[in-house]
Structure formats: structure tokens, C-alpha cells
There are 2 protein chains.
Amino acid sequence: MSDFLDSIKWNPDGLAAAIAQDAKTGEVLMMAWMNRESLALTQQEGIAVYWSRSRQKLWRKGESSGHTQKIKAIQLDCDGDALLLKVEQVGNIACHTGRRSCFYRSLEENQWRENAGVLRNPEEIYK
Amino acid sequence: MSDFLDSIKWNPDGLAAAIAQDAKTGEVLMMAWMNRESLALTQQEGIAVYWSRSRQKLWRKGESSGHTQKIKAIQLDCDGDALLLKVEQVGNIACHTGRRSCFYRSLEENQWRENAGVLRNPEEIYK
């Protein structure tokens, strides 16, 4: 394990927030979590590997969908507890709903309204 | 309290992650946390109001530095537990270190290296 991992202020669950941003367009695609092992693997493999809190296991983004994220840069914030991944989003879809970004709801007049359509039916993605 | 707040999946501490992104350049500026009250105030006041976990109080971003964040859009992710704020960053500085973005360290050859300089001395900002 490399000591760049020691610079991270892991939370009590051993996790740090990880924001994935499209390296070319700047669009924020998703936010997930990494533990020490997943960040080490992300750095080694050059693809985003998160820690799934719901499944309590390593999650190679795209392992089911093929929508992997190729790492272009990894940045750390001033507090040392949040990571910013600049990625190339394979398949142009980051969200499990089949949308490009997970942030597809916008607050308008006190309501959440969809701001982006489904590019591919999730049933086709996860068959 | 408006019911758009009920769509958020607040964590056990009553918080949701909030990512601030420059509305014009797309640069990711910082990540912080919001509770129900801070999101309601953010929507009402049109400036970013976070919940400071370290100080356990509402934190109107820029209250000391003048570096407020004017809200251009508020987006919610598919899981309902992360917010994306598109902001106009007053003073062009989001980080308490005097840098534009908090994500000023990049991983290069297994080391964190600074990728951005200090625009204004923090001692001048917080005097």
C-alpha cells in the first residue's frame, strides 16, 4: 500500500467521498464512496473502483453495465476527506437509471423536476 | 418547510453531501454537508448554507471571508442523498486556504502534488 493513502482522512467507517466528473465536459456524473483498498485499486487499475455501502463490497463501476470510468486524474480536497475523480465515462452513461449523470433532478419552484432523459433502458443495461 | 426536503434521504446524522460546482466553468469547488434546515435556507436565501460538522452549526459559506456562493441551480442524485449546487463563487475563492477550489492536490506518481496556487493569503481573508 502506498503512503498517498495515509493522507486521506478516512471517516469512522473507513470511507472517503468520491465525486466523478467527466474529464472533458466537466459534468458531475455521480458521488460514491471509496475505502483504502478501492482507492489503491483505482490508482493501480486506472478505472474507478468504489466501495458499495449497500452491498458492503468493492464495486468496479461498470462491472455489470460495461459503463466503466477510466481515470484521468485523482484530486484530494483541503480536508483530505473528499476525492475528485476526473474520468472518461465509457458508454456515456454513469447512472444506473440509464441517464448520463446521477444528478438528473433539478429544484424548480420547490419541486424536483427531471432535467435529463434516459439514454438507454436499464433493463437492457443490466440484462 | 417545503416537501422537496422530504425527497432527500438524510443520513443517520440528518445530513446529505453537497458538492459545489462553478456554474460557468464547471470546476468542482468543494464538498460539504447540509441538513434539512441548511438546504431550506439555501433555497430561500439563494446563497449556499451548509451544516458545519466540526462546529455543529449552520454555516453561511462566506460569512467570515465574504466568499459567498450564489445559487444558480440545485440538483439531486438518483439515490437522493447527494446534492449538486451550481454556484457563482464570489471572490473567485472557495477554499479556506485561499485557493479557488478545495481540490488543489493531484495524485502524481503516488504522491499528492499541489495543482493550484494561493490567490489570497488566508490571513488577509480571515482577519
# chains A, B, ... in the order shown; residues from 1 in each chain; ligands from 1
>>> calpha_fit_and_write(fixed="chain A", moving="chain B", output="CSV table (one decimal) with C-alpha atoms, in the first residue's frame")
chain,number,residue,atom,x,y,z
B,1,MET,CA,0.0,0.0,0.0
B,2,SER,CA,1.4,3.4,-1.0
B,3,ASP,CA,1.5,6.2,1.5
B,4,PHE,CA,-0.6,8.5,-0.5
B,5,LEU,CA,-3.4,6.6,1.1
B,6,ASP,CA,-2.3,7.8,4.5
B,7,SER,CA,-3.0,11.4,3.6
B,8,ILE,CA,-6.7,10.6,3.4
B,9,LYS,CA,-8.8,11.3,6.5
B,10,TRP,CA,-11.0,8.2,6.3
B,11,ASN,CA,-14.3,8.5,8.2
B,12,PRO,CA,-15.2,6.2,11.1
B,13,ASP,CA,-16.4,3.7,8.5
B,14,GLY,CA,-13.1,3.9,6.7
B,15,LEU,CA,-14.6,5.8,3.8
B,16,ALA,CA,-14.0,9.0,1.8
B,17,ALA,CA,-16.5,10.6,-0.5
B,18,ALA,CA,-15.6,10.3,-4.2
B,19,ILE,CA,-17.1,12.6,-6.9
B,20,ALA,CA,-16.8,11.5,-10.5
B,21,GLN,CA,-16.6,14.3,-13.1
B,22,ASP,CA,-16.4,14.0,-16.8
B,23,ALA,CA,-12.8,15.0,-17.6
B,24,LYS,CA,-13.8,16.6,-20.9
B,25,THR,CA,-17.2,18.3,-20.3
B,26,GLY,CA,-16.9,19.0,-16.6
B,27,GLU,CA,-20.3,17.4,-15.9
B,28,VAL,CA,-20.6,16.0,-12.5
B,29,LEU,CA,-21.6,12.4,-13.0
B,30,MET,CA,-22.1,10.8,-9.6
B,31,MET,CA,-20.9,10.7,-6.0
B,32,ALA,CA,-20.0,7.4,-4.3
B,33,TRP,CA,-17.6,6.2,-1.6
B,34,MET,CA,-14.1,4.7,-1.5
B,35,ASN,CA,-12.2,2.8,1.1
B,36,ARG,CA,-8.5,2.4,1.3
B,37,GLU,CA,-8.5,-0.7,-0.9
B,38,SER,CA,-10.8,0.7,-3.5
B,39,LEU,CA,-8.7,3.9,-3.9
B,40,ALA,CA,-5.5,1.8,-4.2
B,41,LEU,CA,-7.1,-0.4,-6.8
B,42,THR,CA,-8.4,2.7,-8.7
B,43,GLN,CA,-4.9,4.0,-8.8
B,44,GLN,CA,-3.4,0.7,-9.9
B,45,GLU,CA,-6.0,-0.3,-12.4
B,46,GLY,CA,-6.9,3.1,-13.9
B,47,ILE,CA,-10.6,2.6,-13.6
B,48,ALA,CA,-12.9,3.7,-10.8
B,49,VAL,CA,-13.4,1.2,-8.0
B,50,TYR,CA,-15.8,2.2,-5.3
B,51,TRP,CA,-16.9,0.7,-2.0
B,52,SER,CA,-20.6,-0.2,-2.1
B,53,ARG,CA,-22.1,0.7,1.2
B,54,SER,CA,-25.3,-1.1,0.4
B,55,ARG,CA,-23.6,-4.3,-0.7
B,56,GLN,CA,-20.6,-3.9,1.6
B,57,LYS,CA,-18.2,-4.9,-1.1
B,58,LEU,CA,-15.8,-3.5,-3.7
B,59,TRP,CA,-17.6,-2.2,-6.7
B,60,ARG,CA,-15.8,-1.9,-10.0
B,61,LYS,CA,-18.0,0.7,-11.6
B,62,GLY,CA,-19.3,-0.8,-14.8
B,63,GLU,CA,-18.8,-4.4,-13.8
B,64,SER,CA,-22.4,-5.2,-14.7
B,65,SER,CA,-23.2,-2.4,-17.2
B,66,GLY,CA,-19.9,-2.1,-19.0
B,67,HIS,CA,-20.0,1.6,-18.1
B,68,THR,CA,-16.6,1.8,-16.6
B,69,GLN,CA,-14.9,5.0,-15.7
B,70,LYS,CA,-11.3,5.5,-17.0
B,71,ILE,CA,-9.3,7.6,-14.6
B,72,LYS,CA,-7.8,10.8,-16.0
B,73,ALA,CA,-6.9,12.4,-12.7
B,74,ILE,CA,-7.5,12.0,-8.9
B,75,GLN,CA,-7.6,15.1,-6.7
B,76,LEU,CA,-7.9,15.5,-3.0
B,77,ASP,CA,-9.6,18.3,-1.1
B,78,CYS,CA,-8.1,20.5,1.7
B,79,ASP,CA,-9.7,18.5,4.5
B,80,GLY,CA,-8.4,15.2,3.0
B,81,ASP,CA,-11.8,13.6,3.2
B,82,ALA,CA,-13.2,14.1,-0.4
B,83,LEU,CA,-11.8,12.9,-3.7
B,84,LEU,CA,-12.5,14.2,-7.1
B,85,LEU,CA,-12.1,11.8,-10.0
B,86,LYS,CA,-11.8,13.1,-13.5
B,87,VAL,CA,-13.0,10.3,-15.7
B,88,GLU,CA,-13.8,9.2,-19.2
B,89,GLN,CA,-17.3,7.7,-18.9
B,90,VAL,CA,-17.5,4.7,-21.1
B,91,GLY,CA,-20.9,4.4,-22.8
B,92,ASN,CA,-21.7,8.0,-21.8
B,93,ILE,CA,-23.9,6.7,-19.0
B,94,ALA,CA,-23.0,6.9,-15.4
B,95,CYS,CA,-26.4,6.5,-13.7
B,96,HIS,CA,-28.0,3.1,-13.1
B,97,THR,CA,-31.2,4.7,-14.4
B,98,GLY,CA,-29.7,4.9,-17.8
B,99,ARG,CA,-29.1,8.6,-17.6
B,100,ARG,CA,-25.8,10.3,-18.3
B,101,SER,CA,-25.5,11.8,-14.8
B,102,CYS,CA,-27.0,10.7,-11.5
B,103,PHE,CA,-27.9,14.4,-10.8
B,104,TYR,CA,-30.9,14.3,-13.1
B,105,ARG,CA,-33.3,16.2,-10.8
B,106,SER,CA,-33.3,19.9,-10.5
B,107,LEU,CA,-35.1,22.0,-7.9
B,108,GLU,CA,-37.7,24.2,-9.6
B,109,GLU,CA,-40.5,26.0,-7.8
B,110,ASN,CA,-40.0,23.9,-4.7
B,111,GLN,CA,-40.2,20.6,-6.7
B,112,TRP,CA,-37.7,18.2,-8.1
B,113,ARG,CA,-38.1,18.0,-11.9
B,114,GLU,CA,-36.2,15.8,-14.2
B,115,ASN,CA,-33.6,17.6,-16.3
B,116,ALA,CA,-32.3,14.7,-18.4
B,117,GLY,CA,-33.8,11.7,-20.2
B,118,VAL,CA,-32.9,8.1,-20.1
B,119,LEU,CA,-30.4,7.3,-22.8
B,120,ARG,CA,-30.7,3.5,-22.5
B,121,ASN,CA,-33.3,1.3,-20.8
B,122,PRO,CA,-31.8,-0.1,-17.6
B,123,GLU,CA,-33.3,-3.4,-18.4
B,124,GLU,CA,-31.1,-3.5,-21.5
B,125,ILE,CA,-28.1,-2.4,-19.5
B,126,TYR,CA,-28.4,-4.9,-16.7
B,127,LYS,CA,-29.7,-8.0,-18.5
>>> select_by_dssp(residues="chain B", states="helix (DSSP H, G or I)", output="list in words")
Asp3, Phe4, Leu5, Asp6, Ser7, Arg36, Glu37, Ser38, Leu39, Ala40, Leu41, Thr42, Gln43, Gln44, Glu45, Val90, Gly91, Asn92, Pro122, Glu123, Glu124 and Ile125 of chain B
>>> select_by_dssp(residues="chain A", states="strand (DSSP E or B)", output="CSV table (one decimal) with C-alpha atoms, in the first residue's frame")
chain,number,residue,atom,x,y,z
A,15,LEU,CA,-14.5,5.8,3.8
A,16,ALA,CA,-14.0,9.0,1.8
A,17,ALA,CA,-16.5,10.6,-0.6
A,18,ALA,CA,-15.6,10.3,-4.2
A,19,ILE,CA,-17.1,12.6,-6.9
A,20,ALA,CA,-16.8,11.5,-10.5
A,21,GLN,CA,-16.6,14.3,-13.1
A,22,ASP,CA,-16.4,14.0,-16.8
A,28,VAL,CA,-20.5,16.0,-12.5
A,29,LEU,CA,-21.6,12.4,-13.0
A,30,MET,CA,-22.1,10.8,-9.6
A,31,MET,CA,-20.9,10.7,-6.0
A,32,ALA,CA,-19.9,7.4,-4.3
A,33,TRP,CA,-17.6,6.2,-1.6
A,34,MET,CA,-14.1,4.7,-1.5
A,35,ASN,CA,-12.2,2.8,1.2
A,47,ILE,CA,-10.6,2.6,-13.6
A,49,VAL,CA,-13.4,1.1,-8.0
A,50,TYR,CA,-15.8,2.2,-5.3
A,51,TRP,CA,-16.9,0.7,-2.0
A,52,SER,CA,-20.6,-0.2,-2.1
A,57,LYS,CA,-18.2,-4.9,-1.1
A,58,LEU,CA,-15.8,-3.5,-3.7
A,59,TRP,CA,-17.6,-2.2,-6.7
A,60,ARG,CA,-15.8,-1.9,-10.0
A,69,GLN,CA,-14.9,5.0,-15.7
A,70,LYS,CA,-11.3,5.5,-17.0
A,71,ILE,CA,-9.3,7.6,-14.6
A,72,LYS,CA,-7.8,10.8,-16.0
A,73,ALA,CA,-6.9,12.4,-12.7
A,74,ILE,CA,-7.5,12.0,-8.9
A,75,GLN,CA,-7.7,15.1,-6.7
A,76,LEU,CA,-7.9,15.5,-3.0
A,82,ALA,CA,-13.2,14.0,-0.3
A,83,LEU,CA,-11.8,12.9,-3.7
A,84,LEU,CA,-12.5,14.2,-7.1
A,85,LEU,CA,-12.1,11.8,-10.0
A,86,LYS,CA,-11.8,13.1,-13.5
A,87,VAL,CA,-13.0,10.3,-15.7
A,88,GLU,CA,-13.8,9.2,-19.2
A,89,GLN,CA,-17.3,7.7,-18.9
A,105,ARG,CA,-33.3,16.2,-10.8
A,106,SER,CA,-33.3,20.0,-10.5
A,107,LEU,CA,-35.1,22.0,-7.9
A,108,GLU,CA,-37.7,24.2,-9.6
A,111,GLN,CA,-40.2,20.7,-6.7
A,112,TRP,CA,-37.7,18.2,-8.1
A,113,ARG,CA,-38.1,18.0,-11.9
A,114,GLU,CA,-36.2,15.8,-14.2
>>> decode(residues="stretch 6-53 of chain A", atoms="N, CA and C atoms", output="CSV table (one decimal), in the first residue's frame")
chain,number,residue,atom,x,y,z
A,6,ASP,N,-2.3,7.3,3.1
A,6,ASP,CA,-2.3,7.8,4.5
A,6,ASP,C,-2.6,9.2,4.6
A,7,SER,N,-2.7,10.0,3.5
A,7,SER,CA,-3.0,11.4,3.6
A,7,SER,C,-4.5,11.6,3.6
A,8,ILE,N,-5.3,10.5,3.4
A,8,ILE,CA,-6.7,10.6,3.4
A,8,ILE,C,-7.2,10.5,4.8
A,9,LYS,N,-8.2,11.4,5.2
A,9,LYS,CA,-8.8,11.3,6.5
A,9,LYS,C,-10.1,10.4,6.3
A,10,TRP,N,-9.9,9.1,6.4
A,10,TRP,CA,-11.0,8.2,6.3
A,10,TRP,C,-12.0,8.4,7.4
A,11,ASN,N,-13.3,8.3,7.1
A,11,ASN,CA,-14.3,8.5,8.2
A,11,ASN,C,-14.3,7.3,9.1
A,12,PRO,N,-15.2,7.4,10.1
A,12,PRO,CA,-15.2,6.2,11.1
A,12,PRO,C,-15.5,4.9,10.4
A,13,ASP,N,-16.1,4.9,9.3
A,13,ASP,CA,-16.4,3.7,8.5
A,13,ASP,C,-15.3,3.3,7.6
A,14,GLY,N,-14.2,4.1,7.6
A,14,GLY,CA,-13.1,3.9,6.7
A,14,GLY,C,-13.3,4.4,5.3
A,15,LEU,N,-14.2,5.3,5.1
A,15,LEU,CA,-14.5,5.8,3.8
A,15,LEU,C,-14.2,7.2,3.5
A,16,ALA,N,-14.1,7.6,2.2
A,16,ALA,CA,-14.0,9.0,1.8
A,16,ALA,C,-15.0,9.1,0.7
A,17,ALA,N,-15.6,10.3,0.6
A,17,ALA,CA,-16.5,10.6,-0.6
A,17,ALA,C,-15.7,10.7,-1.8
A,18,ALA,N,-16.2,10.2,-2.9
A,18,ALA,CA,-15.6,10.3,-4.2
A,18,ALA,C,-16.6,10.9,-5.3
A,19,ILE,N,-16.2,12.0,-5.9
A,19,ILE,CA,-17.1,12.6,-6.9
A,19,ILE,C,-16.5,12.3,-8.2
A,20,ALA,N,-17.3,11.8,-9.2
A,20,ALA,CA,-16.8,11.5,-10.5
A,20,ALA,C,-17.3,12.6,-11.4
A,21,GLN,N,-16.3,13.2,-12.1
A,21,GLN,CA,-16.6,14.3,-13.1
A,21,GLN,C,-16.1,14.0,-14.5
A,22,ASP,N,-16.9,14.2,-15.5
A,22,ASP,CA,-16.4,14.0,-16.8
A,22,ASP,C,-15.2,14.9,-17.1
A,23,ALA,N,-14.1,14.2,-17.5
A,23,ALA,CA,-12.8,15.0,-17.6
A,23,ALA,C,-12.9,16.0,-18.8
A,24,LYS,N,-13.7,15.7,-19.8
A,24,LYS,CA,-13.8,16.7,-20.9
A,24,LYS,C,-14.9,17.7,-20.7
A,25,THR,N,-16.1,17.3,-20.4
A,25,THR,CA,-17.2,18.3,-20.3
A,25,THR,C,-17.3,19.0,-19.0
A,26,GLY,N,-16.7,18.4,-17.9
A,26,GLY,CA,-16.9,19.0,-16.6
A,26,GLY,C,-18.1,18.6,-15.9
A,27,GLU,N,-19.0,17.8,-16.6
A,27,GLU,CA,-20.3,17.4,-15.9
A,27,GLU,C,-20.0,16.5,-14.7
A,28,VAL,N,-20.7,16.8,-13.6
A,28,VAL,CA,-20.5,16.0,-12.5
A,28,VAL,C,-21.5,14.8,-12.7
A,29,LEU,N,-20.9,13.6,-12.6
A,29,LEU,CA,-21.6,12.4,-13.0
A,29,LEU,C,-22.3,11.6,-11.8
A,30,MET,N,-21.6,11.6,-10.7
A,30,MET,CA,-22.1,10.8,-9.6
A,30,MET,C,-21.2,11.1,-8.4
A,31,MET,N,-21.8,10.7,-7.2
A,31,MET,CA,-20.9,10.7,-6.0
A,31,MET,C,-21.1,9.3,-5.4
A,32,ALA,N,-19.9,8.7,-5.0
A,32,ALA,CA,-19.9,7.4,-4.3
A,32,ALA,C,-18.9,7.4,-3.2
A,33,TRP,N,-18.5,6.3,-2.7
A,33,TRP,CA,-17.6,6.2,-1.6
A,33,TRP,C,-16.4,5.3,-1.9
A,34,MET,N,-15.3,5.6,-1.4
A,34,MET,CA,-14.1,4.7,-1.5
A,34,MET,C,-13.6,4.4,-0.1
A,35,ASN,N,-13.1,3.1,0.0
A,35,ASN,CA,-12.2,2.8,1.2
A,35,ASN,C,-10.8,2.7,0.7
A,36,ARG,N,-9.9,2.4,1.6
A,36,ARG,CA,-8.5,2.4,1.3
A,36,ARG,C,-8.2,1.5,0.1
A,37,GLU,N,-8.7,0.3,0.2
A,37,GLU,CA,-8.5,-0.7,-0.9
A,37,GLU,C,-9.0,-0.3,-2.2
A,38,SER,N,-10.2,0.3,-2.2
A,38,SER,CA,-10.8,0.7,-3.5
A,38,SER,C,-10.0,1.9,-4.1
A,39,LEU,N,-9.5,2.8,-3.3
A,39,LEU,CA,-8.7,3.9,-3.9
A,39,LEU,C,-7.3,3.3,-4.4
A,40,ALA,N,-6.7,2.4,-3.7
A,40,ALA,CA,-5.5,1.8,-4.2
A,40,ALA,C,-5.7,1.1,-5.5
A,41,LEU,N,-6.8,0.3,-5.6
A,41,LEU,CA,-7.1,-0.4,-6.8
A,41,LEU,C,-7.4,0.6,-8.0
A,42,THR,N,-8.1,1.7,-7.7
A,42,THR,CA,-8.4,2.7,-8.7
A,42,THR,C,-7.1,3.2,-9.3
A,43,GLN,N,-6.2,3.5,-8.4
A,43,GLN,CA,-4.9,4.0,-8.8
A,43,GLN,C,-4.2,3.0,-9.6
A,44,GLN,N,-4.2,1.8,-9.2
A,44,GLN,CA,-3.4,0.7,-9.9
A,44,GLN,C,-4.0,0.3,-11.2
A,45,GLU,N,-5.4,0.2,-11.3
A,45,GLU,CA,-6.0,-0.3,-12.5
A,45,GLU,C,-6.4,0.8,-13.4
A,46,GLY,N,-6.5,2.0,-13.0
A,46,GLY,CA,-6.8,3.1,-13.9
A,46,GLY,C,-8.3,3.2,-14.2
A,47,ILE,N,-9.1,2.4,-13.5
A,47,ILE,CA,-10.6,2.6,-13.6
A,47,ILE,C,-11.2,2.7,-12.2
A,48,ALA,N,-12.3,3.4,-12.1
A,48,ALA,CA,-12.9,3.7,-10.8
A,48,ALA,C,-13.4,2.5,-10.1
A,49,VAL,N,-12.9,2.2,-8.9
A,49,VAL,CA,-13.4,1.1,-8.0
A,49,VAL,C,-13.9,1.8,-6.7
A,50,TYR,N,-15.2,1.6,-6.5
A,50,TYR,CA,-15.8,2.2,-5.3
A,50,TYR,C,-16.0,1.2,-4.2
A,51,TRP,N,-16.4,1.6,-3.1
A,51,TRP,CA,-16.9,0.7,-2.0
A,51,TRP,C,-18.4,0.9,-2.0
A,52,SER,N,-19.1,-0.2,-2.2
A,52,SER,CA,-20.6,-0.2,-2.1
A,52,SER,C,-21.0,-0.3,-0.7
A,53,ARG,N,-21.6,0.8,-0.2
A,53,ARG,CA,-22.1,0.7,1.2
A,53,ARG,C,-23.3,-0.2,1.4
